>>> print(open('data-v6.txt').read())   # compact mmCIF, C-alpha atoms and all ligand atoms
# COMPACT_ATOMS: atom_id res chain seq x y z
CA MET A 1 -32.51 -88.10 -3.04
CA PRO A 2 -33.17 -90.86 -5.58
CA SER A 3 -31.03 -90.44 -8.68
CA THR A 4 -32.80 -90.23 -12.03
CA ASP A 5 -31.54 -93.73 -12.70
CA ASP A 6 -33.09 -94.92 -9.40
CA LEU A 7 -36.43 -93.48 -10.54
CA PHE A 8 -36.27 -95.26 -13.89
CA ARG A 9 -35.45 -98.43 -11.94
CA THR A 10 -38.56 -97.92 -9.80
CA ALA A 11 -40.63 -97.49 -12.97
CA ARG A 12 -39.19 -100.73 -14.39
CA ALA A 13 -39.92 -102.66 -11.17
CA LEU A 14 -43.53 -101.44 -11.14
CA ARG A 15 -43.97 -102.26 -14.82
CA ALA A 16 -42.53 -105.74 -14.34
CA SER A 17 -44.80 -106.73 -11.43
CA THR A 18 -48.48 -105.81 -11.26
CA GLU A 19 -48.48 -107.40 -7.80
CA LEU A 20 -45.81 -104.96 -6.57
CA ALA A 21 -47.55 -102.04 -8.32
CA ASP A 22 -50.80 -102.95 -6.51
CA ARG A 23 -49.10 -103.08 -3.12
CA VAL A 24 -47.32 -99.76 -3.76
CA ARG A 25 -50.57 -98.15 -4.87
CA ARG A 26 -52.34 -99.34 -1.70
CA ALA A 27 -49.48 -98.18 0.51
CA LEU A 28 -49.40 -94.71 -1.09
CA ARG A 29 -53.15 -94.32 -0.72
CA MET A 30 -52.90 -95.24 2.95
CA LEU A 31 -50.06 -92.77 3.31
CA CYS A 32 -51.98 -89.94 1.63
CA ASP A 33 -55.02 -90.62 3.83
CA SER A 34 -53.00 -90.43 7.03
CA LYS A 35 -53.22 -87.25 9.09
CA ALA A 36 -49.49 -87.29 9.85
CA TYR A 37 -48.57 -87.28 6.15
CA ARG A 38 -51.13 -84.59 5.27
CA MET A 39 -49.78 -82.33 8.00
CA TRP A 40 -46.21 -82.94 6.81
CA ARG A 41 -47.13 -82.12 3.20
CA GLU A 42 -48.83 -78.83 4.09
CA GLY A 43 -46.33 -77.55 6.63
CA PRO A 44 -42.68 -76.52 7.01
CA GLU A 45 -41.69 -80.15 7.88
CA GLN A 46 -41.89 -80.89 4.14
CA ALA A 47 -38.34 -79.48 3.90
CA ASN A 48 -37.16 -82.88 5.24
CA ARG A 49 -38.17 -86.35 4.12
CA PHE A 50 -41.29 -87.93 5.68
CA ARG A 51 -40.77 -90.98 7.91
CA PRO A 52 -43.76 -93.35 7.63
CA GLU A 53 -44.66 -95.60 10.56
CA ALA A 54 -43.72 -99.26 10.26
CA GLY A 55 -46.43 -101.46 8.75
CA GLN A 56 -48.70 -99.41 6.46
CA GLY A 57 -47.16 -101.09 3.38
CA VAL A 58 -43.68 -99.69 4.02
CA GLU A 59 -42.11 -102.97 2.81
CA ALA A 60 -43.68 -102.53 -0.64
CA LEU A 61 -42.41 -98.94 -0.81
CA GLN A 62 -38.95 -100.14 0.22
CA GLU A 63 -39.02 -102.86 -2.42
CA ALA A 64 -39.89 -100.25 -5.08
CA GLY A 65 -37.13 -97.89 -3.90
CA LEU A 66 -39.64 -95.30 -2.66
CA VAL A 67 -38.64 -95.67 0.99
CA VAL A 68 -34.92 -95.54 1.67
CA ASP A 69 -33.33 -95.68 5.15
CA GLY A 70 -36.76 -95.52 6.76
CA ALA A 71 -37.84 -92.29 5.04
CA LEU A 72 -39.93 -91.60 1.97
CA ALA A 73 -37.59 -90.81 -0.94
CA VAL A 74 -40.23 -88.79 -2.80
CA ARG A 75 -43.20 -86.52 -2.18
CA VAL A 76 -46.64 -87.93 -3.03
CA ASN A 77 -49.58 -85.75 -4.02
CA ASP A 78 -53.10 -87.09 -4.41
CA ARG A 79 -55.96 -85.45 -6.22
CA GLU A 80 -59.38 -86.85 -7.11
CA GLY A 81 -58.22 -90.40 -6.33
CA ARG A 82 -55.04 -90.14 -8.46
CA LEU A 83 -51.54 -90.48 -7.08
CA PHE A 84 -48.50 -88.46 -8.12
CA ALA A 85 -44.98 -89.21 -6.93
CA THR A 86 -42.61 -86.30 -7.47
CA ASP A 87 -39.57 -84.62 -5.93
CA GLY A 88 -39.85 -83.09 -2.50
CA VAL A 89 -38.64 -79.56 -1.85
CA TRP A 90 -35.47 -80.95 -0.20
CA VAL A 91 -34.15 -81.96 -3.65
CA ASP A 92 -31.64 -79.55 -5.20
CA ALA A 93 -33.72 -76.99 -7.09
CA ARG A 94 -31.45 -77.13 -10.15
CA GLY A 95 -32.77 -80.54 -11.21
CA ARG A 96 -35.89 -80.80 -9.07
CA VAL A 97 -39.13 -82.00 -10.61
CA PHE A 98 -42.01 -79.65 -9.79
CA PRO A 99 -43.30 -80.66 -6.32
CA PHE A 100 -46.70 -78.95 -6.25
CA ASP A 101 -50.04 -80.01 -7.74
CA ASP A 102 -52.19 -76.94 -7.14
CA GLU A 103 -51.47 -75.49 -10.61
CA SER A 104 -52.67 -78.72 -12.26
CA GLY A 105 -55.79 -78.57 -10.13
CA THR A 106 -56.37 -75.05 -11.44
CA MET A 107 -55.97 -76.21 -15.05
CA LEU A 108 -58.45 -79.05 -14.55
CA ARG A 109 -60.97 -76.67 -12.96
CA LEU A 110 -60.61 -74.19 -15.82
CA ALA A 111 -60.97 -76.97 -18.41
CA ARG A 112 -64.19 -78.11 -16.71
CA ARG A 113 -65.53 -74.57 -16.71
CA LEU A 114 -64.85 -74.33 -20.46
CA GLY A 115 -66.38 -77.75 -21.17
CA TRP A 116 -62.93 -78.97 -22.29
CA ALA A 117 -62.27 -81.60 -19.61
CA THR A 118 -62.94 -84.74 -21.70
CA PRO A 119 -60.87 -84.36 -24.88
CA ASP A 120 -59.85 -87.34 -27.02
CA ALA A 121 -56.19 -86.48 -26.49
CA VAL A 122 -54.19 -84.44 -24.00
CA LEU A 123 -50.81 -83.05 -25.07
CA ASP A 124 -48.79 -81.62 -22.18
CA LEU A 125 -45.83 -79.53 -23.37
CA ALA A 126 -44.13 -79.48 -19.94
CA CYS A 127 -45.55 -82.40 -18.01
CA GLY A 128 -43.30 -82.55 -14.94
CA CYS A 129 -44.35 -85.70 -13.08
CA GLY A 130 -47.65 -85.81 -15.00
CA HIS A 131 -49.86 -83.89 -12.54
CA SER A 132 -51.89 -82.32 -15.37
CA ALA A 133 -51.99 -84.87 -18.20
CA LEU A 134 -52.70 -87.81 -15.88
CA GLY A 135 -55.38 -85.79 -14.11
CA PHE A 136 -57.58 -85.73 -17.24
CA ASP A 137 -59.66 -88.58 -18.66
CA ALA A 138 -58.55 -88.99 -22.28
CA ALA A 139 -58.03 -91.85 -24.73
CA GLN A 140 -54.58 -90.56 -25.74
CA ARG A 141 -51.94 -88.78 -23.68
CA VAL A 142 -48.67 -87.17 -24.73
CA MET A 143 -46.35 -85.98 -21.96
CA LEU A 144 -43.27 -83.99 -22.98
CA ASP A 145 -40.63 -82.35 -20.83
CA VAL A 146 -37.04 -81.15 -21.12
CA ASN A 147 -36.04 -82.84 -17.82
CA PRO A 148 -35.47 -86.63 -18.01
CA ARG A 149 -36.06 -86.90 -14.27
CA ALA A 150 -39.61 -85.58 -14.82
CA LEU A 151 -40.19 -88.29 -17.42
CA ALA A 152 -39.12 -91.03 -14.98
CA TYR A 153 -41.76 -89.75 -12.54
CA ALA A 154 -44.35 -89.45 -15.34
CA GLU A 155 -43.82 -93.14 -16.13
CA ILE A 156 -44.08 -94.13 -12.44
CA ASN A 157 -47.30 -92.14 -12.17
CA ARG A 158 -48.71 -93.57 -15.39
CA ILE A 159 -48.35 -97.03 -13.83
CA LEU A 160 -49.66 -95.98 -10.41
CA ASN A 161 -52.76 -94.51 -12.05
CA GLN A 162 -53.25 -97.56 -14.31
CA VAL A 163 -53.07 -95.57 -17.53
CA PRO A 164 -52.31 -97.90 -20.45
CA SER A 165 -48.86 -97.55 -22.03
CA ALA A 166 -50.30 -98.23 -25.51
CA SER A 167 -52.14 -94.90 -25.51
CA THR A 168 -49.40 -92.84 -23.82
CA VAL A 169 -46.31 -91.12 -25.19
CA ILE A 170 -43.73 -89.89 -22.67
CA ALA A 171 -40.83 -88.15 -24.41
CA LEU A 172 -37.94 -85.79 -23.91
CA ASN A 173 -38.59 -82.53 -25.73
CA ASP A 174 -37.63 -78.88 -25.56
CA VAL A 175 -40.72 -76.79 -26.33
CA ARG A 176 -38.42 -74.38 -28.19
CA ASP A 177 -38.11 -77.15 -30.83
CA GLY A 178 -41.91 -77.43 -31.17
CA VAL A 179 -43.73 -80.77 -30.90
CA PRO A 180 -42.02 -83.79 -32.52
CA ARG A 181 -43.73 -84.42 -35.86
CA GLY A 182 -44.19 -88.16 -35.29
CA VAL A 183 -46.03 -87.40 -32.05
CA ALA A 184 -48.22 -84.67 -33.52
CA ARG A 185 -49.28 -86.83 -36.46
CA GLY A 186 -50.57 -89.58 -34.13
CA LEU A 187 -53.12 -87.26 -32.49
CA ARG A 188 -56.83 -87.76 -33.27
CA GLY A 189 -60.14 -86.02 -32.58
CA THR A 190 -60.35 -83.21 -30.03
CA VAL A 191 -56.89 -82.34 -28.73
CA LEU A 192 -56.32 -80.30 -25.58
CA VAL A 193 -52.82 -78.81 -25.32
CA LEU A 194 -51.72 -78.01 -21.77
CA ALA A 195 -48.87 -75.63 -21.06
CA ASN A 196 -47.83 -74.98 -17.49
CA MET A 197 -44.41 -73.69 -18.46
CA PRO A 198 -41.91 -72.07 -16.11
CA PHE A 199 -43.33 -68.57 -15.75
CA GLY A 200 -41.49 -66.87 -12.89
CA LEU A 201 -39.99 -63.49 -13.77
CA ALA A 202 -36.20 -63.75 -13.43
CA PRO A 203 -33.72 -60.84 -13.41
CA ALA A 204 -30.97 -63.14 -14.76
CA SER A 205 -30.56 -66.76 -15.73
CA GLY A 206 -29.72 -69.04 -12.80
CA VAL A 207 -31.76 -67.06 -10.25
CA LEU A 208 -34.79 -69.34 -10.63
CA PRO A 209 -34.71 -73.12 -11.16
CA LEU A 210 -35.64 -74.89 -14.41
CA THR A 211 -39.23 -75.36 -13.22
CA SER A 212 -39.77 -71.62 -12.73
CA ASP A 213 -37.46 -69.54 -14.94
CA GLY A 214 -39.59 -67.64 -17.44
CA GLY A 215 -37.02 -64.94 -18.24
CA GLU A 216 -37.31 -61.20 -17.57
CA ASP A 217 -41.00 -60.99 -18.47
CA GLY A 218 -42.07 -64.54 -17.49
CA LEU A 219 -43.00 -65.11 -21.13
CA MET A 220 -39.77 -66.57 -22.57
CA LEU A 221 -41.20 -70.08 -22.92
CA GLN A 222 -44.80 -68.93 -23.49
CA ALA A 223 -43.49 -67.52 -26.78
CA ALA A 224 -42.23 -71.02 -27.70
CA VAL A 225 -45.65 -72.44 -26.79
CA LEU A 226 -47.33 -70.01 -29.18
CA GLU A 227 -45.00 -71.04 -32.00
CA SER A 228 -45.67 -74.71 -31.25
CA LEU A 229 -49.44 -74.09 -31.34
CA ALA A 230 -49.23 -72.26 -34.66
CA ALA A 231 -47.24 -75.18 -36.13
CA LEU A 232 -49.67 -77.75 -34.70
CA ARG A 233 -52.58 -75.91 -36.28
CA ARG A 234 -50.90 -76.37 -39.67
CA GLU A 235 -49.77 -79.96 -39.16
CA LEU A 236 -52.65 -81.92 -37.65
CA PRO A 237 -54.77 -83.43 -40.43
CA ALA A 238 -56.64 -85.90 -38.17
CA VAL A 239 -57.49 -83.38 -35.47
CA THR A 240 -61.05 -82.06 -35.44
CA ARG A 241 -60.63 -79.52 -32.63
CA LEU A 242 -57.47 -78.01 -31.20
CA GLN A 243 -57.75 -76.28 -27.84
CA ALA A 244 -55.01 -74.94 -25.60
CA LEU A 245 -54.94 -74.01 -21.94
CA MET A 246 -51.91 -72.15 -20.61
CA LEU A 247 -51.06 -70.93 -17.12
CA GLY A 248 -48.71 -68.12 -16.21
CA LEU A 249 -47.69 -64.77 -14.79
CA THR A 250 -47.76 -61.58 -16.76
CA ALA A 251 -46.78 -57.98 -16.26
CA GLY A 252 -49.27 -55.31 -17.25
CA CYS A 253 -51.47 -52.54 -15.92
CA ALA A 254 -54.26 -53.54 -13.53
CA ALA A 255 -55.98 -50.12 -13.70
CA GLU A 256 -56.37 -50.42 -17.48
CA GLY A 257 -56.98 -54.23 -17.48
CA ARG A 258 -54.08 -54.48 -19.96
CA TRP A 259 -51.82 -57.56 -19.71
CA GLU A 260 -48.83 -58.36 -21.87
CA TRP A 261 -49.34 -62.12 -22.28
CA PRO A 262 -52.93 -62.26 -23.66
CA ARG A 263 -51.97 -59.40 -25.98
CA ARG A 264 -49.10 -61.48 -27.38
CA VAL A 265 -51.33 -64.55 -27.71
CA GLY A 266 -53.76 -62.45 -29.77
CA ASP A 267 -50.88 -61.17 -31.96
CA ALA A 268 -49.56 -64.69 -32.58
CA LEU A 269 -52.77 -66.68 -33.01
CA GLY A 270 -55.39 -64.15 -34.05
CA GLU A 271 -57.09 -61.19 -32.46
CA GLY A 272 -60.00 -62.14 -30.21
CA ARG A 273 -58.96 -65.80 -29.89
CA ALA A 274 -57.34 -65.54 -26.47
CA ARG A 275 -59.65 -65.88 -23.47
CA TRP A 276 -57.75 -64.45 -20.49
CA SER A 277 -58.82 -65.32 -16.95
CA LEU A 278 -57.15 -63.45 -14.13
CA LEU A 279 -57.32 -65.88 -11.20
CA HIS A 280 -58.39 -63.38 -8.53
CA ASP A 281 -58.91 -66.12 -5.93
CA GLU A 282 -55.35 -67.39 -6.23
CA PRO A 283 -52.42 -65.51 -4.72
CA VAL A 284 -49.90 -64.33 -7.27
CA LEU A 285 -46.57 -65.87 -6.19
CA ARG A 286 -45.26 -68.98 -4.50
CA ILE A 287 -42.96 -68.16 -1.60
CA ASP A 288 -41.58 -71.02 0.52
CA GLY A 289 -44.01 -73.40 -1.16
CA ARG A 290 -47.09 -71.35 -0.37
CA ARG A 291 -48.90 -68.96 -2.68
CA ALA A 292 -48.75 -65.44 -1.33
CA LEU A 293 -49.74 -61.82 -2.27
CA ALA A 294 -52.99 -60.54 -3.76
CA ASN A 295 -53.59 -61.18 -7.47
CA PRO A 296 -52.86 -58.77 -9.12
CA SER A 297 -50.11 -57.03 -7.11
CA PRO A 298 -47.78 -54.11 -7.88
CA LEU A 299 -44.53 -55.48 -9.34
CA ARG A 300 -42.48 -53.28 -7.01
CA ASP A 301 -43.89 -55.30 -4.05
CA ALA A 302 -44.17 -58.69 -5.70
CA LEU A 303 -40.78 -59.13 -7.35
CA PRO A 304 -38.52 -58.27 -4.37
CA ALA A 305 -40.70 -60.63 -2.27
CA LEU A 306 -39.45 -63.49 -4.44
CA ALA A 307 -35.97 -62.95 -3.02
CA GLU A 308 -37.34 -63.99 0.39
CA CYS A 309 -38.14 -67.51 -0.86
CA THR A 310 -35.76 -69.82 0.99
CA LEU A 311 -36.48 -72.68 -1.41
CA TYR A 312 -35.09 -70.78 -4.41
CA VAL A 313 -32.69 -68.17 -3.04
CA GLY A 314 -29.78 -68.93 -0.69
CA ASP A 315 -28.92 -66.59 2.19
CA ALA A 316 -25.65 -65.58 0.53
CA GLU A 317 -27.42 -64.25 -2.60
CA ARG A 318 -30.58 -62.86 -1.01
CA LYS A 319 -29.47 -59.23 -0.91
CA SER A 320 -28.23 -59.10 -4.50
CA VAL A 321 -31.28 -61.01 -5.81
CA ARG A 322 -33.59 -58.58 -3.98
CA GLU A 323 -31.76 -55.67 -5.62
CA ALA A 324 -31.91 -57.30 -9.07
CA TYR A 325 -35.66 -57.82 -8.68
CA ARG A 326 -36.13 -54.17 -7.66
CA THR A 327 -34.30 -53.11 -10.83
CA LEU A 328 -36.42 -55.43 -12.99
CA ALA A 329 -39.64 -54.14 -11.41
CA ALA A 330 -38.56 -50.55 -12.07
CA ARG A 331 -37.87 -51.37 -15.72
CA HIS A 332 -41.33 -52.90 -16.24
CA GLU A 333 -42.85 -49.90 -14.48
CA ARG A 334 -41.02 -47.43 -16.76
CA GLU A 335 -42.30 -49.38 -19.77
CA GLY A 336 -45.95 -49.07 -18.63
CA ARG A 337 -46.32 -52.41 -16.85
CA PRO A 338 -46.50 -51.65 -13.09
CA ASP A 339 -48.44 -54.76 -12.02
CA LEU A 340 -48.14 -58.53 -11.96
CA ALA A 341 -51.04 -60.96 -12.49
CA TYR A 342 -51.42 -64.74 -12.34
CA GLY A 343 -53.87 -66.21 -14.79
CA ALA A 344 -54.69 -68.52 -17.64
CA VAL A 345 -55.16 -68.13 -21.36
CA ALA A 346 -57.51 -70.44 -23.26
CA VAL A 347 -57.49 -70.53 -27.06
CA GLU A 348 -59.49 -72.53 -29.57
CA LEU A 349 -57.50 -72.92 -32.76
CA ALA A 350 -59.46 -75.20 -35.06
C1 LIG B 1 -44.02 -75.26 -13.40
S1 LIG B 1 -43.37 -76.82 -13.87
C2 LIG B 1 -44.91 -77.63 -14.24
C3 LIG B 1 -44.82 -79.11 -14.36
C4 LIG B 1 -46.16 -79.84 -14.45
N1 LIG B 1 -46.99 -79.30 -15.48
C5 LIG B 1 -46.84 -79.84 -13.09
O1 LIG B 1 -47.82 -79.09 -12.92
O2 LIG B 1 -46.39 -80.58 -12.21
C6 LIG B 1 -42.66 -76.46 -15.45
C7 LIG B 1 -42.09 -77.65 -16.22
O3 LIG B 1 -41.50 -77.14 -17.43
C8 LIG B 1 -40.39 -77.94 -17.76
N2 LIG B 1 -39.56 -77.18 -18.72
C9 LIG B 1 -38.69 -76.18 -18.47
N3 LIG B 1 -38.14 -75.72 -19.61
C10 LIG B 1 -38.70 -76.47 -20.62
C11 LIG B 1 -38.53 -76.49 -22.02
N4 LIG B 1 -37.71 -75.64 -22.63
N5 LIG B 1 -39.25 -77.39 -22.75
C12 LIG B 1 -40.09 -78.26 -22.13
N6 LIG B 1 -40.29 -78.29 -20.80
C13 LIG B 1 -39.61 -77.41 -20.04
C14 LIG B 1 -39.73 -78.19 -16.41
O4 LIG B 1 -38.86 -79.28 -16.46
C15 LIG B 1 -40.98 -78.42 -15.54
O5 LIG B 1 -41.32 -79.79 -15.52
>>> encode(input="data-v6.txt", output="structure tokens")
Amino acid sequence: MPSTDDLFRTARALRASTELADRVRRALRMLCDSKAYRMWREGPEQANRFRPEAGQGVEALQEAGLVVDGALAVRVNDREGRLFATDGVWVDARGRVFPFDDESGTMLRLARRLGWATPDAVLDLACGCGHSALGFDAAQRVMLDVNPRALAYAEINRILNQVPSASTVIALNDVRDGVPRGVARGLRGTVLVLANMPFGLAPASGVLPLTSDGGEDGLMLQAAVLESLAALRRELPAVTRLQALMLGLTAGCAAEGRWEWPRRVGDALGEGRARWSLLHDEPVLRIDGRRALANPSPLRDALPALAECTLYVGDAERKSVREAYRTLAARHEREGRPDLAYGAVAVELA
């Protein structure tokens, strides 16, 4: 796998030569349009690196460090004409940058439905490789993440998508520290905050990787997002509208339509502000890279199923992780939350 330093080197090479960046862009488009690559990306072969055919711009990808020893060093997603290099699922999950772009696609669709898809500024609190923030048209973009490797990809993707550096901030930040003041103060006009935080329910730390670990209720980092939003509301003099779109899992009770996360958003930001959308059309969990199980699903079925994910759980731990998930599901059930739902919360703050 490319080291984080290798990725920053790729970003520097692309920044230094528009000619190389153009060739790489063309080669990646060709790659994404090819049937062989599309089949690889959707199927189980994605567990190993893709080997592009000779020609097809492979020299440019080699020159940029994106093809090494004849195989693609990264995964490339494409959506609505934009390109996103990121880690493939073969990269060690402990430092892996989020490989999948379907959640960003969901956020963009929801934003369009709300009439929020063309803000003046997009502020992504956990940008990964930039799937969400670079997917929007906006005059200003702020991409924050706690993983430096994600920021290297975000910079590569900024260049690949010809987004000007002058209007983009890419910075290391832990959402638990809020949004850096200097960054917040530079925002103008209508600001859309995006938060696709890690939201997987985890029976203990270390069971899920950095991209997915949302603590025992999936809401550990959503709580930090709510604090950040409350602070932004107080601290943004030049912002005329502040909107936020968040994605996540929540425990609750399907029969009563009662879900823990939108309730907490209401408590933190004001009753009636949270617009909760349960994404009925989207399966509730990602297992082996594919979304699976009806949304919502009983926790007692959904949580132990997570232990079957070979991308996150090794064979040696599978049994104990399955047991830990059963115990966690039983605890939620005892506390009146028997079900799990995948959805989004939209809030308008000012
Ligand atoms: C589910 S991934 C989504 C990434 C990106 N939005 C996308 O769709 O590709 C969650 C992201 O949260 C980041 N993250 C985890 N803990 C964080 C924290 N405390 N503060 C900021 N970002 C964090 C991870 O590094 C990861 O990039």
>>> residues_around(input="data-v6.txt", residues="Phe199 (chain A)", least_positions_apart="3", cutoff="9 Å", atoms="only C-alpha atoms", output="list in words")
Asn196, Ala202, Thr211, Ser212, Asp213, Gly214, Gly215, Asp217, Gly218, Leu219, Met220, Leu221, Gln222, Leu247, Gly248, Leu249 and Thr250 of chain A
>>> atom_distance(input="data-v6.txt", atom1="CA of Arg185 (chain A)", atom2="CA of Ala85 (chain A)")
29.9 Å
>>> residues_near_ligand(input="data-v6.txt", ligand="ligand LIG 1 (chain B)", cutoff="7 Å", atoms="all atoms listed in the file", output="ChimeraX atom specification")
/A:97-101,103-104,125-132,144-147,150,173-176,195-198,210-212,221
>>> residues_around(input="data-v6.txt", residues="region 294-310 of chain A", least_positions_apart="6", cutoff="6 Å", atoms="all atoms listed in the file", output="MDAnalysis selection string")
chainID A and resid 280 283:284 287:288 318 321:322 325:326 329 338:341
>>> atom_distance(input="data-v6.txt", atom1="CA of Ala350 (chain A)", atom2="CA of Arg241 (chain A)")
5.1 Å
>>> closest_residue(input="data-v6.txt", among="A:Gln140, A:Gln243, A:Thr10, A:Gln162", to="Glu348 (chain A)", atoms="all atoms listed in the file")
A:Gln243
>>> atom_distance(input="data-v6.txt", atom1="CA of Asn48 (chain A)", atom2="CA of Gly95 (chain A)")
17.2 Å
>>> closest_residue(input="data-v6.txt", among="A:Leu187, A:Leu31, A:Ala47, A:Leu14", to="Tyr153 (chain A)", atoms="only C-alpha atoms")
A:Leu14
>>> residues_around(input="data-v6.txt", residues="Asp6 (chain A)", least_positions_apart="6", cutoff="12 Å", atoms="all atoms listed in the file", output="list in words")
Arg12, Ala13, Ala64, Gly65, Leu66, Val67, Val68, Ala73, Val74, Arg149, Ala152, Tyr153 and Ile156 of chain A
>>> closest_residue(input="data-v6.txt", among="A:Gly266, A:Ala255, A:Trp261, A:Glu271", to="Tyr342 (chain A)", atoms="all atoms listed in the file")
A:Trp261
>>> closest_residue(input="data-v6.txt", among="A:Ala231, A:Leu328, A:Ala346, A:Ala121", to="Arg273 (chain A)", atoms="only C-alpha atoms")
A:Ala346
>>> closest_residue(input="data-v6.txt", among="A:Pro44, A:Pro148, A:Gly105, A:Gly88", to="Phe136 (chain A)", atoms="only C-alpha atoms")
A:Gly105
>>> residues_around(input="data-v6.txt", residues="Val169 (chain A)", least_positions_apart="3", cutoff="9 Å", atoms="all atoms listed in the file", output="list in words")
Gln140, Arg141, Val142, Met143, Leu144, Ser165, Ala166 and Val183 of chain A
